[in-house]
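K.L.:
Take a look at this one; I'll ask things after.
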Amino acid sequence: MEQLFAEHEFDRVVHMAAQAGVRYSLENPHAYVESNLVGFMNVLEGCRHRNVPHLVFASSSSVYGANTLMPFSVHHNVDHPVSLYAATKKANELMAHVYSSLYKIPCTGLRFFTVYGPWGRPDMAYFLFTDAILRGKPIDVYNRGAMKRDFTYIDDIIEGVVRVMDLIPVPNINWSGDRPDPGTSFAPYKIYNIGNNNPVELMQFIKTLENTLGIKAEKNLLPIQPGDVTATFADMDDLIKDVGFKPSTPIQEGIKKFIEWYKEFQKE
């Protein structure tokens with residue numbers, strides 16, 4: 001990483017890499033420390049020593065943890081994570097703020113909400129569900145389906161990232177240490193949610209998968225898993241106000257595109 005920054009000049013650094021997922025963090029916590037903390041520190045150091053004009057990095061809706069006030073706002077306190085993955089993403093936000101404050105590196109953190117679509121992670125629920133349904137195997141439905149997720153299609157995530165790249169944050173002159181706003185700062189630092197602003201019941205998501213595939217799923221209803229939250233819901237006001245964009249891909253359209261890709265991918 002040090003060599004990469006030494007050999008090239010970057011107008012923007014967009015850091016999307018991480019060890020992702022809540023469940024695997026229960027099995028291999030060290031992987032999250034190495035990738036999400038040490039790895040992110042390497043990126044921050046590169047930006048610091050090469051005077052990068054803007055660092056955009058991926059955070060996660062998981063940082064909202066035990067919060068129940070919805071929709072989740074970037075101006076809410078997020079000090080109660082319920083998984084190590086969430087804790088590392090919150091740590092990334094804190095680390096970026098320190099570098100923004102000390103070295104005046106403009107930093108923007110993006111909290112993604114349940115991203116899905118082509119080329120997604122094979123450990124994601126929609127990927128596992130599709131594979132199992134097509135193979136005629138039962139699907140594991142945690143919390144007996146009593147879950148809501150703000151499913152956000154990958155194209156909407158990318159559109160948000162691209163728009164934010166040129167929105168270089170500046171210090172908030174109205175920020176006060178007496179009433180600190182977690183979403184902005186006295187430093188050139190900003191946090192945004194990128195979510196569909198439309199939570200979908202897990203059972204409705206599965207039904208949409210079934211309808212698109214034309215196959216009924218056999219469901220194995222299970223208790224909630226450690227580290228899981230029951231619902232996510234993104235407040236999109238800041239992103240809409242600042243860049244004029246709000247994710248809007250309906251779940252039916254997003255799943256249809258994913259299924260089309262998945263079937264072609266399996267042929268290869």
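Chain lettering (A, B, ...) mirrors the order of the structure tokens, residue numbering begins at 1 for each chain separately, and ligand numbering begins at 1 in order of display.
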Can you tell me which residues surround stretch 114-125 of chain A at a distance of at most 6 Å, considering only C-alpha atoms, apart from same-chain residues fewer than 5 positions away, and format the answer as a list in words?

P.N.:
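So, after excluding close chain neighbours, the residues are Phe151, Thr152, Tyr153, Ile154, Phe258 and Trp261 of chain A.
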
K.L.:
Show which residues sit within 7 Å of A:Ser59, as a ChimeraX atom specification. Count only C-alpha atoms, and ignore same-chain residues fewer than 5 positions away.

P.N.:
/A:89,109-112

K.L.:
Give the answer as one residue: which of A:Leu37, A:Ile157, A:Leu4, A:Ala187 has the shortest atom-to-atom distance to A:Pro106, using only C-alpha atoms?

P.N.:
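For A:Pro106, the nearest of the given residues is A:Ala187.
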
K.L.:
So that I can see what lies close to A:Met165, please list as JSON, numbers by chain the residues with an atom at most 12 Å from it, counting only C-alpha atoms and leaving out residues fewer than 4 positions away in the same chain.

P.N.:
{"A": [11, 12, 13, 14, 15, 53, 54, 55, 56, 57, 106, 107, 108, 109, 110, 158, 159, 160, 161, 169, 190, 243]}

K.L.:
Report the distance between atom CA of A:Ser73 and atom CA of A:Asp150 in Å, rounded to one decimal place.

P.N.:
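Interatomic distance here is 13.3 Å.
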
K.L.:
List the neighbours of A:Val229 out to 12 Å using only C-alpha atoms; skip same-chain residues closer than 6 positions along the sequence, and give me the result as a VMD selection string.

P.N.:
chain A and resid 22 to 23 61 to 68 80 to 83 86 114 142 to 143 146 to 149

K.L.:
Write a file of the selected residues as a CSV table (one decimal), in the first residue's frame, keeping N, CA, C and O atoms.

P.N.:
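File written: again18.csv
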```csv
chain,number,residue,atom,x,y,z
A,22,VAL,N,-21.6,-9.9,9.4
A,22,VAL,CA,-21.7,-10.0,10.9
A,22,VAL,C,-21.4,-11.4,11.3
A,22,VAL,O,-20.6,-11.6,12.3
A,23,ARG,N,-21.9,-12.4,10.6
A,23,ARG,CA,-21.8,-13.8,11.1
A,23,ARG,C,-20.3,-14.3,11.2
A,23,ARG,O,-19.9,-15.0,12.1
A,61,SER,N,-24.5,0.2,7.8
A,61,SER,CA,-25.7,0.4,8.6
A,61,SER,C,-25.6,-0.4,9.9
A,61,SER,O,-26.3,-0.1,10.9
A,62,SER,N,-24.7,-1.3,10.0
A,62,SER,CA,-24.5,-2.1,11.2
A,62,SER,C,-24.1,-1.3,12.4
A,62,SER,O,-24.2,-1.7,13.5
A,63,VAL,N,-23.5,-0.1,12.1
A,63,VAL,CA,-23.0,0.7,13.2
A,63,VAL,C,-24.2,1.2,14.1
A,63,VAL,O,-24.0,1.6,15.3
A,64,TYR,N,-25.4,1.2,13.6
A,64,TYR,CA,-26.6,1.6,14.4
A,64,TYR,C,-26.9,0.6,15.5
A,64,TYR,O,-27.6,1.0,16.5
A,65,GLY,N,-26.4,-0.6,15.4
A,65,GLY,CA,-26.4,-1.6,16.5
A,65,GLY,C,-27.8,-1.7,17.2
A,65,GLY,O,-28.8,-2.0,16.6
A,66,ALA,N,-27.8,-1.3,18.5
A,66,ALA,CA,-28.9,-1.5,19.3
A,66,ALA,C,-29.9,-0.4,19.2
A,66,ALA,O,-31.0,-0.4,19.9
A,67,ASN,N,-29.7,0.6,18.4
A,67,ASN,CA,-30.6,1.8,18.1
A,67,ASN,C,-31.9,1.2,17.6
A,67,ASN,O,-32.0,0.3,16.8
A,68,THR,N,-33.0,1.8,18.1
A,68,THR,CA,-34.4,1.4,17.7
A,68,THR,C,-35.2,2.6,17.1
A,68,THR,O,-36.2,2.4,16.5
A,80,HIS,N,-23.5,1.8,20.4
A,80,HIS,CA,-23.9,0.5,21.0
A,80,HIS,C,-23.9,-0.6,19.9
A,80,HIS,O,-25.0,-1.1,19.6
A,81,PRO,N,-22.8,-0.9,19.3
A,81,PRO,CA,-22.7,-1.9,18.2
A,81,PRO,C,-23.0,-3.3,18.9
A,81,PRO,O,-22.7,-3.5,20.1
A,82,VAL,N,-23.5,-4.2,18.1
A,82,VAL,CA,-23.8,-5.6,18.6
A,82,VAL,C,-23.1,-6.7,17.9
A,82,VAL,O,-23.4,-7.8,18.1
A,83,SER,N,-22.1,-6.3,17.1
A,83,SER,CA,-21.2,-7.3,16.5
A,83,SER,C,-19.8,-6.7,16.3
A,83,SER,O,-19.7,-5.4,16.3
A,86,ALA,N,-19.6,-4.5,13.2
A,86,ALA,CA,-20.1,-3.2,13.4
A,86,ALA,C,-19.1,-2.3,14.1
A,86,ALA,O,-18.9,-1.1,13.8
A,114,THR,N,-27.7,-2.9,3.6
A,114,THR,CA,-28.0,-4.2,2.9
A,114,THR,C,-28.0,-4.2,1.4
A,114,THR,O,-29.0,-4.2,0.7
A,142,TYR,N,-33.9,-16.7,9.7
A,142,TYR,CA,-33.6,-16.4,11.1
A,142,TYR,C,-34.6,-15.4,11.7
A,142,TYR,O,-35.3,-14.7,11.0
A,143,ASN,N,-34.8,-15.5,13.0
A,143,ASN,CA,-35.8,-14.8,13.8
A,143,ASN,C,-37.2,-15.1,13.2
A,143,ASN,O,-38.1,-14.3,13.3
A,146,ALA,N,-39.2,-12.6,11.2
A,146,ALA,CA,-39.6,-11.3,11.8
A,146,ALA,C,-38.4,-10.3,11.7
A,146,ALA,O,-37.9,-9.8,12.7
A,147,MET,N,-38.0,-9.9,10.5
A,147,MET,CA,-36.9,-9.0,10.2
A,147,MET,C,-37.3,-8.1,9.1
A,147,MET,O,-38.1,-8.4,8.2
A,148,LYS,N,-36.8,-6.9,9.2
A,148,LYS,CA,-36.9,-5.9,8.1
A,148,LYS,C,-35.6,-5.4,7.7
A,148,LYS,O,-34.7,-5.1,8.5
A,149,ARG,N,-35.4,-5.2,6.4
A,149,ARG,CA,-34.1,-4.7,5.9
A,149,ARG,C,-34.4,-3.6,4.8
A,149,ARG,O,-35.3,-3.8,4.0
```

K.L.:
Using only C-alpha atoms, pick whichever of A:Leu94, A:Leu239, A:Leu209, A:Leu222 has the shortest atom-to-atom distance to A:Tyr192.

P.N.:
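Nearest to A:Tyr192: A:Leu239.
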
K.L.:
Record the distance separating atom CA of A:Thr212 and atom CA of A:Tyr126, expressed in Å with one decimal.

P.N.:
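Rounded to one decimal, the two atoms are 12.6 Å apart.
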
K.L.:
Which of these residues is nearest to A:Val52, using only C-alpha atoms: A:Ser100, A:Ser248, A:Gln19, A:Asn211?

P.N.:
A:Ser100

K.L.:
Could you pull out the alpha helix (DSSP H) residues of stretch 24-257 of chain A, going by DSSP on the backbone, and write them as a ChimeraX atom specification?

P.N.:
/A:24-27,29-32,39-49,84-103,125-134,154-165,202-213,237-243,251-257

K.L.:
Would you put the residues from that selection into a file with C-alpha atoms, as a PDB file, in the first residue's frame?

P.N.:
```
ATOM      1  CA  TYR A  24     -18.181 -14.532  10.104  1.00  0.00           C
ATOM      2  CA  SER A  25     -16.964 -12.020  12.677  1.00  0.00           C
ATOM      3  CA  LEU A  26     -18.149 -14.478  15.342  1.00  0.00           C
ATOM      4  CA  GLU A  27     -15.899 -17.173  13.875  1.00  0.00           C
ATOM      5  CA  PRO A  29     -12.555 -11.921  14.697  1.00  0.00           C
ATOM      6  CA  HIS A  30      -8.844 -11.512  13.913  1.00  0.00           C
ATOM      7  CA  ALA A  31      -9.613 -11.233  10.192  1.00  0.00           C
ATOM      8  CA  TYR A  32     -11.718  -8.153  10.940  1.00  0.00           C
ATOM      9  CA  GLY A  39      -5.860  -2.219   6.551  1.00  0.00           C
ATOM     10  CA  PHE A  40      -7.783   1.028   6.973  1.00  0.00           C
ATOM     11  CA  MET A  41      -4.881   2.566   8.881  1.00  0.00           C
ATOM     12  CA  ASN A  42      -2.633   1.845   5.884  1.00  0.00           C
ATOM     13  CA  VAL A  43      -5.074   3.737   3.636  1.00  0.00           C
ATOM     14  CA  LEU A  44      -5.252   6.682   6.040  1.00  0.00           C
ATOM     15  CA  GLU A  45      -1.471   6.882   6.257  1.00  0.00           C
ATOM     16  CA  GLY A  46      -1.217   6.840   2.468  1.00  0.00           C
ATOM     17  CA  CYS A  47      -3.738   9.686   2.204  1.00  0.00           C
ATOM     18  CA  ARG A  48      -1.904  11.631   4.900  1.00  0.00           C
ATOM     19  CA  HIS A  49       1.560  11.439   3.359  1.00  0.00           C
ATOM     20  CA  LEU A  84     -17.437  -7.002  16.048  1.00  0.00           C
ATOM     21  CA  TYR A  85     -17.992  -6.173  12.371  1.00  0.00           C
ATOM     22  CA  ALA A  86     -20.115  -3.178  13.395  1.00  0.00           C
ATOM     23  CA  ALA A  87     -17.490  -2.137  15.938  1.00  0.00           C
ATOM     24  CA  THR A  88     -14.742  -2.137  13.291  1.00  0.00           C
ATOM     25  CA  LYS A  89     -16.856   0.001  10.941  1.00  0.00           C
ATOM     26  CA  LYS A  90     -17.581   2.456  13.743  1.00  0.00           C
ATOM     27  CA  ALA A  91     -13.836   2.431  14.481  1.00  0.00           C
ATOM     28  CA  ASN A  92     -13.172   3.302  10.823  1.00  0.00           C
ATOM     29  CA  GLU A  93     -15.374   6.368  11.178  1.00  0.00           C
ATOM     30  CA  LEU A  94     -13.512   7.407  14.333  1.00  0.00           C
ATOM     31  CA  MET A  95     -10.090   6.802  12.760  1.00  0.00           C
ATOM     32  CA  ALA A  96     -11.040   8.851   9.699  1.00  0.00           C
ATOM     33  CA  HIS A  97     -12.260  11.672  11.924  1.00  0.00           C
ATOM     34  CA  VAL A  98      -8.937  11.757  13.779  1.00  0.00           C
ATOM     35  CA  TYR A  99      -7.000  12.049  10.502  1.00  0.00           C
ATOM     36  CA  SER A 100      -9.442  14.648   9.224  1.00  0.00           C
ATOM     37  CA  SER A 101      -8.994  16.669  12.406  1.00  0.00           C
ATOM     38  CA  LEU A 102      -5.209  16.326  12.764  1.00  0.00           C
ATOM     39  CA  TYR A 103      -4.126  16.430   9.131  1.00  0.00           C
ATOM     40  CA  ALA A 125     -28.908 -14.111   2.565  1.00  0.00           C
ATOM     41  CA  TYR A 126     -30.379 -13.402  -0.880  1.00  0.00           C
ATOM     42  CA  PHE A 127     -27.468 -15.270  -2.509  1.00  0.00           C
ATOM     43  CA  LEU A 128     -27.860 -18.260  -0.190  1.00  0.00           C
ATOM     44  CA  PHE A 129     -31.642 -18.252  -0.623  1.00  0.00           C
ATOM     45  CA  THR A 130     -31.413 -18.258  -4.413  1.00  0.00           C
ATOM     46  CA  ASP A 131     -28.869 -21.054  -4.490  1.00  0.00           C
ATOM     47  CA  ALA A 132     -30.884 -23.218  -2.077  1.00  0.00           C
ATOM     48  CA  ILE A 133     -34.236 -22.636  -3.812  1.00  0.00           C
ATOM     49  CA  LEU A 134     -32.807 -23.553  -7.212  1.00  0.00           C
ATOM     50  CA  ILE A 154     -25.955  -2.090  -6.111  1.00  0.00           C
ATOM     51  CA  ASP A 155     -26.482   0.439  -8.930  1.00  0.00           C
ATOM     52  CA  ASP A 156     -27.976   2.893  -6.422  1.00  0.00           C
ATOM     53  CA  ILE A 157     -25.000   2.413  -4.112  1.00  0.00           C
ATOM     54  CA  ILE A 158     -22.582   3.133  -6.959  1.00  0.00           C
ATOM     55  CA  GLU A 159     -24.525   6.228  -8.030  1.00  0.00           C
ATOM     56  CA  GLY A 160     -24.332   7.546  -4.484  1.00  0.00           C
ATOM     57  CA  VAL A 161     -20.598   6.881  -4.228  1.00  0.00           C
ATOM     58  CA  VAL A 162     -19.856   8.607  -7.543  1.00  0.00           C
ATOM     59  CA  ARG A 163     -21.890  11.670  -6.616  1.00  0.00           C
ATOM     60  CA  VAL A 164     -20.234  12.004  -3.215  1.00  0.00           C
ATOM     61  CA  MET A 165     -16.696  11.721  -4.645  1.00  0.00           C
ATOM     62  CA  LEU A 202     -37.836 -10.542   5.099  1.00  0.00           C
ATOM     63  CA  MET A 203     -40.799 -12.786   4.259  1.00  0.00           C
ATOM     64  CA  GLN A 204     -41.834 -10.345   1.518  1.00  0.00           C
ATOM     65  CA  PHE A 205     -38.290 -10.405   0.160  1.00  0.00           C
ATOM     66  CA  ILE A 206     -38.386 -14.221   0.078  1.00  0.00           C
ATOM     67  CA  LYS A 207     -41.799 -14.154  -1.594  1.00  0.00           C
ATOM     68  CA  THR A 208     -40.424 -11.858  -4.303  1.00  0.00           C
ATOM     69  CA  LEU A 209     -37.543 -14.291  -4.835  1.00  0.00           C
ATOM     70  CA  GLU A 210     -40.011 -17.192  -5.073  1.00  0.00           C
ATOM     71  CA  ASN A 211     -42.204 -15.344  -7.576  1.00  0.00           C
ATOM     72  CA  THR A 212     -39.230 -14.357  -9.729  1.00  0.00           C
ATOM     73  CA  LEU A 213     -37.795 -17.887  -9.721  1.00  0.00           C
ATOM     74  CA  ASP A 237     -32.359  13.540   4.035  1.00  0.00           C
ATOM     75  CA  ASP A 238     -28.693  14.597   4.066  1.00  0.00           C
ATOM     76  CA  LEU A 239     -27.734  12.778   0.858  1.00  0.00           C
ATOM     77  CA  ILE A 240     -30.821  14.087  -0.946  1.00  0.00           C
ATOM     78  CA  LYS A 241     -30.095  17.644   0.209  1.00  0.00           C
ATOM     79  CA  ASP A 242     -26.386  17.605  -0.577  1.00  0.00           C
ATOM     80  CA  VAL A 243     -26.158  15.632  -3.837  1.00  0.00           C
ATOM     81  CA  ILE A 251     -37.124  -4.754  -4.752  1.00  0.00           C
ATOM     82  CA  GLN A 252     -38.965  -6.509  -7.595  1.00  0.00           C
ATOM     83  CA  GLU A 253     -36.747  -4.879 -10.210  1.00  0.00           C
ATOM     84  CA  GLY A 254     -33.530  -5.440  -8.257  1.00  0.00           C
ATOM     85  CA  ILE A 255     -34.245  -9.123  -7.609  1.00  0.00           C
ATOM     86  CA  LYS A 256     -35.207  -9.682 -11.254  1.00  0.00           C
ATOM     87  CA  LYS A 257     -31.855  -8.263 -12.386  1.00  0.00           C
TER      88      LYS A 257
END
```

K.L.:
So the first atom is atom CA of A:Asp228 and the second is atom CA of A:Val141; what is the distance between them in Å, to one decimal place?

P.N.:
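One can read the atom CA of A:Asp228 to atom CA of A:Val141 distance as 12.4 Å.
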
K.L.:
DSSP on the backbone: what in stretch 5-197 of chain A comes out strand (DSSP E), as number ranges by chain?

P.N.:
A: 13-15, 55-60, 107-112, 115-116, 139-142, 148-149, 152-153, 189-194

K.L.:
For those residues, write N, CA and C atoms to a file as a PDB file, in the first residue's frame.

P.N.:
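The resulting file, result_7.pdb, is reproduced below:
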```pdb
ATOM      1  N   VAL A  13      -9.442   8.974  -3.242  1.00  0.00           N
ATOM      2  CA  VAL A  13      -9.286   7.592  -2.807  1.00  0.00           C
ATOM      3  C   VAL A  13     -10.656   7.117  -2.341  1.00  0.00           C
ATOM      4  N   VAL A  14     -11.144   6.037  -2.959  1.00  0.00           N
ATOM      5  CA  VAL A  14     -12.427   5.444  -2.589  1.00  0.00           C
ATOM      6  C   VAL A  14     -12.136   4.053  -2.034  1.00  0.00           C
ATOM      7  N   HIS A  15     -12.294   3.920  -0.730  1.00  0.00           N
ATOM      8  CA  HIS A  15     -11.898   2.694  -0.037  1.00  0.00           C
ATOM      9  C   HIS A  15     -13.138   1.846   0.268  1.00  0.00           C
ATOM     10  N   LEU A  55     -10.905  11.472   0.753  1.00  0.00           N
ATOM     11  CA  LEU A  55     -11.047  10.044   1.013  1.00  0.00           C
ATOM     12  C   LEU A  55     -12.520   9.731   1.241  1.00  0.00           C
ATOM     13  N   VAL A  56     -13.053   8.809   0.432  1.00  0.00           N
ATOM     14  CA  VAL A  56     -14.413   8.298   0.608  1.00  0.00           C
ATOM     15  C   VAL A  56     -14.292   6.843   1.029  1.00  0.00           C
ATOM     16  N   PHE A  57     -14.939   6.468   2.108  1.00  0.00           N
ATOM     17  CA  PHE A  57     -14.796   5.097   2.583  1.00  0.00           C
ATOM     18  C   PHE A  57     -16.147   4.486   2.940  1.00  0.00           C
ATOM     19  N   ALA A  58     -16.202   3.163   2.846  1.00  0.00           N
ATOM     20  CA  ALA A  58     -17.430   2.432   3.142  1.00  0.00           C
ATOM     21  C   ALA A  58     -17.550   2.178   4.629  1.00  0.00           C
ATOM     22  N   SER A  59     -18.657   2.631   5.192  1.00  0.00           N
ATOM     23  CA  SER A  59     -19.040   2.217   6.534  1.00  0.00           C
ATOM     24  C   SER A  59     -20.243   1.270   6.365  1.00  0.00           C
ATOM     25  N   SER A  60     -21.091   1.179   7.361  1.00  0.00           N
ATOM     26  CA  SER A  60     -22.172   0.189   7.293  1.00  0.00           C
ATOM     27  C   SER A  60     -23.338   0.586   8.187  1.00  0.00           C
ATOM     28  N   CYS A 107     -12.694  13.747   4.621  1.00  0.00           N
ATOM     29  CA  CYS A 107     -13.122  12.354   4.665  1.00  0.00           C
ATOM     30  C   CYS A 107     -14.647  12.253   4.656  1.00  0.00           C
ATOM     31  N   THR A 108     -15.162  11.339   3.854  1.00  0.00           N
ATOM     32  CA  THR A 108     -16.596  11.076   3.817  1.00  0.00           C
ATOM     33  C   THR A 108     -16.840   9.590   4.024  1.00  0.00           C
ATOM     34  N   GLY A 109     -17.622   9.257   5.049  1.00  0.00           N
ATOM     35  CA  GLY A 109     -17.987   7.871   5.319  1.00  0.00           C
ATOM     36  C   GLY A 109     -19.398   7.591   4.838  1.00  0.00           C
ATOM     37  N   LEU A 110     -19.582   6.460   4.192  1.00  0.00           N
ATOM     38  CA  LEU A 110     -20.881   6.091   3.624  1.00  0.00           C
ATOM     39  C   LEU A 110     -21.408   4.832   4.304  1.00  0.00           C
ATOM     40  N   ARG A 111     -22.512   4.959   4.987  1.00  0.00           N
ATOM     41  CA  ARG A 111     -23.134   3.814   5.657  1.00  0.00           C
ATOM     42  C   ARG A 111     -24.093   3.119   4.695  1.00  0.00           C
ATOM     43  N   PHE A 112     -23.640   1.984   4.158  1.00  0.00           N
ATOM     44  CA  PHE A 112     -24.448   1.216   3.207  1.00  0.00           C
ATOM     45  C   PHE A 112     -25.475   0.367   3.947  1.00  0.00           C
ATOM     46  N   VAL A 115     -26.767  -4.092   0.915  1.00  0.00           N
ATOM     47  CA  VAL A 115     -26.540  -4.022  -0.532  1.00  0.00           C
ATOM     48  C   VAL A 115     -26.798  -5.392  -1.165  1.00  0.00           C
ATOM     49  N   TYR A 116     -27.493  -5.397  -2.304  1.00  0.00           N
ATOM     50  CA  TYR A 116     -27.725  -6.647  -3.030  1.00  0.00           C
ATOM     51  C   TYR A 116     -27.639  -6.376  -4.523  1.00  0.00           C
ATOM     52  N   ILE A 139     -34.294 -23.209   3.025  1.00  0.00           N
ATOM     53  CA  ILE A 139     -33.547 -21.993   3.353  1.00  0.00           C
ATOM     54  C   ILE A 139     -33.678 -21.719   4.852  1.00  0.00           C
ATOM     55  N   ASP A 140     -32.603 -21.217   5.451  1.00  0.00           N
ATOM     56  CA  ASP A 140     -32.614 -20.865   6.870  1.00  0.00           C
ATOM     57  C   ASP A 140     -33.130 -19.437   7.028  1.00  0.00           C
ATOM     58  N   VAL A 141     -34.242 -19.280   7.733  1.00  0.00           N
ATOM     59  CA  VAL A 141     -34.858 -17.972   7.942  1.00  0.00           C
ATOM     60  C   VAL A 141     -34.749 -17.629   9.429  1.00  0.00           C
ATOM     61  N   TYR A 142     -33.876 -16.684   9.738  1.00  0.00           N
ATOM     62  CA  TYR A 142     -33.600 -16.366  11.138  1.00  0.00           C
ATOM     63  C   TYR A 142     -34.646 -15.420  11.724  1.00  0.00           C
ATOM     64  N   LYS A 148     -36.765  -6.859   9.154  1.00  0.00           N
ATOM     65  CA  LYS A 148     -36.933  -5.878   8.078  1.00  0.00           C
ATOM     66  C   LYS A 148     -35.561  -5.368   7.682  1.00  0.00           C
ATOM     67  N   ARG A 149     -35.367  -5.208   6.378  1.00  0.00           N
ATOM     68  CA  ARG A 149     -34.098  -4.676   5.893  1.00  0.00           C
ATOM     69  C   ARG A 149     -34.358  -3.616   4.822  1.00  0.00           C
ATOM     70  N   THR A 152     -30.843  -2.322  -0.609  1.00  0.00           N
ATOM     71  CA  THR A 152     -30.416  -1.261  -1.528  1.00  0.00           C
ATOM     72  C   THR A 152     -29.678  -1.876  -2.710  1.00  0.00           C
ATOM     73  N   TYR A 153     -30.188  -1.632  -3.906  1.00  0.00           N
ATOM     74  CA  TYR A 153     -29.616  -2.242  -5.117  1.00  0.00           C
ATOM     75  C   TYR A 153     -28.249  -1.640  -5.434  1.00  0.00           C
ATOM     76  N   TYR A 189     -15.171  16.623   7.543  1.00  0.00           N
ATOM     77  CA  TYR A 189     -15.587  15.235   7.738  1.00  0.00           C
ATOM     78  C   TYR A 189     -17.101  15.161   7.669  1.00  0.00           C
ATOM     79  N   LYS A 190     -17.607  14.125   6.981  1.00  0.00           N
ATOM     80  CA  LYS A 190     -19.060  13.989   6.828  1.00  0.00           C
ATOM     81  C   LYS A 190     -19.430  12.521   6.742  1.00  0.00           C
ATOM     82  N   ILE A 191     -20.624  12.197   7.252  1.00  0.00           N
ATOM     83  CA  ILE A 191     -21.165  10.850   7.179  1.00  0.00           C
ATOM     84  C   ILE A 191     -22.499  10.904   6.428  1.00  0.00           C
ATOM     85  N   TYR A 192     -22.733   9.917   5.539  1.00  0.00           N
ATOM     86  CA  TYR A 192     -24.025   9.795   4.847  1.00  0.00           C
ATOM     87  C   TYR A 192     -24.533   8.361   4.939  1.00  0.00           C
ATOM     88  N   ASN A 193     -25.843   8.229   5.010  1.00  0.00           N
ATOM     89  CA  ASN A 193     -26.494   6.941   4.767  1.00  0.00           C
ATOM     90  C   ASN A 193     -26.715   6.779   3.272  1.00  0.00           C
ATOM     91  N   ILE A 194     -26.578   5.542   2.774  1.00  0.00           N
ATOM     92  CA  ILE A 194     -27.073   5.222   1.428  1.00  0.00           C
ATOM     93  C   ILE A 194     -27.947   3.980   1.555  1.00  0.00           C
TER      94      ILE A 194
END
```

K.L.:
Can you work out which one of A:Pro182, A:Val200, A:Lys219, A:Leu69 has the shortest atom-to-atom distance to A:Gly136, counting only C-alpha atoms?

P.N.:
A:Lys219
